[in-house]
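**Student:** Provided herewith is a single structure, encoded as structure tokens, for subsequent inquiry.
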Amino acid sequence: MPRDSLGIDIGGTFTDIVVYDHDTGQDQSRKVLTTHDDPARAVATGVAALLGAAEVDAARITRVVHATTLFTNALIERTGAPTGLITTDGFADTLEIGRERKFDLYDLNIARPQPLVPRHRRVEVGERIAADGSVRRALDPADVARRAKRLCDGGVTSIAIVFLHSYANPAHEIEAARVIAARHPEVAVTTSHEVVPEIREYERASTTVANAYIKPLAHQYLALMARRIRELGIPAPLLMMLSSGGLTHVAEAQRTPVGMLESGPAAGAIAAAFFGGGDAGGNLLAFDMGGTTAKLSLVEAGEPLTAYRFEAARQKRFIEGSGLPIRISTIELIEIGAGGGSIAEVDEIGLLRVGPRSAGSQPGPASYGLGGAEPTVTDADFLLGYLDPDYFAGGEVKVDLAAARAAIERLAASVGLSAINVAWGIHDVVNENMASAARVHVAERGRDPRGYALLCTGGAGPVHAYAVARKLGLARAICPPSAGVASALGLLVAPARVDRVATVGIRLDRDPVARLEAAFRRLEDEARLVMADTGLSLDRTTIRRLADGRFLGQGFDLVVTLPDGPYDDTAAMRAKLIAAFESAYREKFALTPPDVPVEFINLRVAVRAPVAGTDVIVRARSDRGDTALKGTRPAYFAERQGFVETAVYDRRRLVVGDELSGPAVVEEEGSTLVVGPSAIARVVESGNIVMTLR
């Protein structure tokens, strides 16, 4: 039976939509401006237009996968639900006390991230679970009912329940949730043991509250999106991309939407790993630049690196501790305010600054002709000749080149420079911003960026890849086919994934390893049950075991991958587990302390299963048709100290083996690749364009 897959990626500026035909290996894509008041509206409009233009029968679509930045934006912009917190007596101020450390020691006017739940919506109840799970003080259901009524009477529509040590015994949280649901069925309830059942009260409370804050929004939005998909005549169920790079079903995403905070960026990293693995000649630096932000992540041994904690809504983008701590599995990346819509301005001391303010999709850059008046990166790229006004975003946006020039000229007049010099300055500054972020991201992991190839995706990524690669000293940059919508295509190759965690506190020198095995088995069974709800076959399920380990007495832990189970109490197995931790510890810190026992604080499992229909195959054309050369136009390159007549190619007509000497521009519907004067680009069998910098 013929079958297609549909990928939908909602970004801050554009919504990317891809339909992939598994029978022919062909994909059709469309970029539409994101409608922030109702993101599902742009999706419905874009999908309907794409299906019509591509002459695709909606009934052929067997899978729909979706990623969105909606929930992250809700945290940043504080547009979530009015949320209340019910917690153990004496712990209402945990969210404000935090870790009692300043993220900037010498800033006298430091602005800490404000809790998502204000003080008047945080209430306490008398109960206490000990660290070993025993009950010190029983929960009074009547007390819970009174506190919940007070919150609901105050306008709360979502409640987070965070009791001390509930990871060891969730009985009180379960009972409190039951009481609230019976009396206030219209109120969303989130319990901490369901979201993040691990130690550290502040981080657990912060993550649980974040989930409660966006839960009503997620429930409403995902139900609306599923309905819009059905109304288009698409019979396939809706799957959601998680921050970890895996997929889950709508019901699970509605229950714990905090797991989707980084779903959009995760799709870009998955796409980079899929497209670039064979041509990288080693490891990849995934570079995804859209209209609002740029994301950078490392891909090693064919997989993006994974982190198990991150911060949302940071006050200072690069400073740890300035955001809300979130404990979920997520692809490790850095995100900066550098996109096509990033606004250029002169700062307090007269220097050019680009970003993090963005024009977004409304009103957008001046060149969009939608009322934007401030100069942006996209406006500069038009003036420099990199972008074609008649072919931008596949013709979806009617470009007003005069408005772009006027916006740049106003900024140029304020600094006494020519419009072209200012346009180049905007382009160069944003490139340096992204290169600096990449240096920090790579250096923090003890890596050398010169050992990586840059893989560029996003609408603006290929335009800036050459310059960013040069600044980083990279020898190779890779541009995949359909680079402008690669994140949406990446959704279609992601596996289903479920992560589970539990706190155990086991010393490997004395505690029975059987406890370890029993805990892992329980987590794996839980993960399989969630996976089964997706309706997927579990025959090809893979399980990865990990642990948060440390040497006894240390105040921090390190997440390490453990050997496959089952585990037994033999000396050989203990030695194997200790060796796995010490090897990872030495890789990060070079040395291990002598004769210090190892303890595992948390255990983690990552269960994956391939999804039917992920057999995406992309190949370049091998048959020579019409010439790929569309013509020439002047483009600005600092190496040549001005404008150079530059060849312009149609990517759809390039074939395997075609070699382009820079300067050159390669255009396709969703993006434009700039090949600088110091580079040679070659089309390889995978469909990628591999750019070698000289």
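Chain labels follow the order of the structure tokens: the first chain is A, the next B, and so on; residue numbering restarts at 1 in every chain, and ligands are counted from 1 in their shown order.
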For the structure I just gave you, how does DSSP split range 397-437 of chain A - specifically, which residues are helix (DSSP H, G or I)? Reply as a PyMOL selection string.
**Tutor:** chain A and resi 401-415+419-437
**Student:** Name all residues at most 7 Å from range 65-75 of chain A (count only C-alpha atoms; drop same-chain ones fewer than 6 positions away) and give them as a PyMOL selection string.
**Tutor:** chain A and resi 6-11+214+238-241+261+263-264+313+491-492
**Student:** Extract the full set of strand (DSSP E or B) residues from range 271-508 of chain A according to DSSP on the backbone, and format it as a ChimeraX atom specification.
**Tutor:** /A:283-289,294-300,303-304,306-307,310-312,324-326,330-331,333-336,342-346,352-358,376,452-457,476-479,496-507
**Student:** Would you work out the distance separating CA of Pro216 in chain A from CA of Ala148 in chain A, expressed in Å to one decimal?
**Tutor:** 17.1 Å
**Student:** List as a tab-separated table every residue of range 311-405 of chain A that is in contact with range 287-305 of chain A, defined as an atom at most 7 Å from one of its atoms (using only C-alpha atoms), together with the nearest atom pair and the distance in Å rounded to one decimal, sorted by chain and then rising number.
**Tutor:**
```
residue	atom	partner	partner_atom	distance
A:Ile331	CA	A:Leu305	CA	5.9
A:Glu332	CA	A:Leu305	CA	5.5
A:Leu333	CA	A:Ser297	CA	4.4
A:Ile334	CA	A:Leu296	CA	5.4
A:Glu335	CA	A:Lys295	CA	4.5
A:Ile336	CA	A:Ala294	CA	5.5
A:Gly337	CA	A:Thr293	CA	4.6
A:Ala338	CA	A:Thr293	CA	4.7
A:Gly339	CA	A:Thr292	CA	4.4
A:Gly340	CA	A:Gly291	CA	4.3
A:Gly341	CA	A:Gly291	CA	5.0
A:Ser342	CA	A:Thr292	CA	6.4
A:Ser358	CA	A:Thr292	CA	6.0
A:Gly360	CA	A:Thr292	CA	6.0
```
**Student:** Please report, as a tab-separated table, each residue of range 28-84 of chain A lying at most 10 Å from range 223-229 of chain A, together with the nearest pair of atoms and the separation in Å rounded to one decimal; use only C-alpha atoms, and order rows by chain and ascending residue number.
**Tutor:**
```
residue	atom	partner	partner_atom	distance
A:Asp38	CA	A:Leu224	CA	9.9
A:Pro39	CA	A:Met225	CA	8.8
A:Ala40	CA	A:Met225	CA	5.7
A:Arg41	CA	A:Arg228	CA	8.4
A:Val43	CA	A:Met225	CA	8.4
A:Ala44	CA	A:Arg228	CA	6.4
A:Thr45	CA	A:Arg228	CA	10.0
A:Val47	CA	A:Ile229	CA	8.8
A:Ala48	CA	A:Ile229	CA	9.8
A:Ala58	CA	A:Ile229	CA	9.7
A:Val64	CA	A:Ile229	CA	8.7
A:His66	CA	A:Met225	CA	9.4
```
**Student:** Please indicate the distance in Å from CA of Asn283 in chain A to CA of Arg476 in chain A, rounded to one decimal place.
**Tutor:** 11.1 Å
**Student:** Counting only C-alpha atoms, which residue out of A:Thr672, A:Gln254, A:Thr87, A:Asn433 sits closest to Thr191 in chain A?
**Tutor:** A:Thr87
**Student:** Can you list every residue of range 264-356 of chain A that has an atom at most 10 Å from range 94-114 of chain A, with its nearest atom pair and the distance in Å to one decimal, using only C-alpha atoms, ordered by chain then number, as a Markdown table?
**Tutor:**
```
| residue | atom | partner | partner_atom | distance |
| --- | --- | --- | --- | --- |
| A:Ala312 | CA | A:Pro113 | CA | 9.7 |
| A:Ala313 | CA | A:Pro113 | CA | 7.8 |
| A:Arg314 | CA | A:Pro113 | CA | 7.2 |
| A:Gln315 | CA | A:Pro113 | CA | 6.4 |
| A:Lys316 | CA | A:Phe103 | CA | 9.0 |
| A:Ile319 | CA | A:Phe103 | CA | 6.7 |
| A:Glu320 | CA | A:Phe103 | CA | 6.5 |
| A:Gly321 | CA | A:Phe103 | CA | 5.2 |
| A:Ser322 | CA | A:Phe103 | CA | 5.9 |
| A:Gly323 | CA | A:Pro113 | CA | 5.8 |
| A:Leu324 | CA | A:Pro113 | CA | 6.7 |
| A:Pro325 | CA | A:Gly98 | CA | 9.5 |
```
**Student:** So, counting only C-alpha atoms, which residue among A:Ile506, A:Ile270, A:Leu401, A:Ala572 is closest to Leu455 in chain A?
**Tutor:**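 That would be A:Ile270, the residue with the smallest distance to Leu455 in chain A.
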**Student:** Which residues come within 10 Å of Cys456 in chain A, counting only C-alpha atoms, excluding same-chain residues fewer than 4 positions away, as a PyMOL selection string?
**Tutor:** chain A and resi 268+272+276+285-289+296+460-466+469+477-480+483-484+486+673
**Student:** I need the residues from that last selection saved to file as a CSV table (one decimal), in the first residue's frame (with C-alpha atoms), if you can.
**Tutor:**
```csv
chain,number,residue,atom,x,y,z
A,268,GLY,CA,17.6,19.4,14.3
A,272,ALA,CA,22.2,16.2,11.6
A,276,GLY,CA,25.8,13.7,8.1
A,285,LEU,CA,28.9,19.9,15.0
A,286,ALA,CA,25.2,20.3,14.2
A,287,PHE,CA,24.4,23.9,13.4
A,288,ASP,CA,20.7,24.8,13.0
A,289,MET,CA,19.9,28.4,12.3
A,296,LEU,CA,24.5,24.0,18.2
A,460,ALA,CA,19.5,30.6,7.6
A,461,GLY,CA,22.1,27.9,8.5
A,462,PRO,CA,23.5,27.3,4.9
A,463,VAL,CA,23.8,31.0,4.3
A,464,HIS,CA,26.1,31.4,7.3
A,465,ALA,CA,27.8,28.0,7.5
A,466,TYR,CA,30.8,29.0,5.4
A,469,ALA,CA,33.2,27.2,9.7
A,477,ALA,CA,31.0,21.9,6.1
A,478,ILE,CA,28.1,19.7,5.0
A,479,CYS,CA,24.7,20.9,3.7
A,480,PRO,CA,22.0,18.2,3.4
A,483,ALA,CA,18.3,21.8,4.6
A,484,GLY,CA,15.7,24.5,5.3
A,486,ALA,CA,15.7,19.3,7.8
A,673,LEU,CA,23.9,27.7,0.5
```
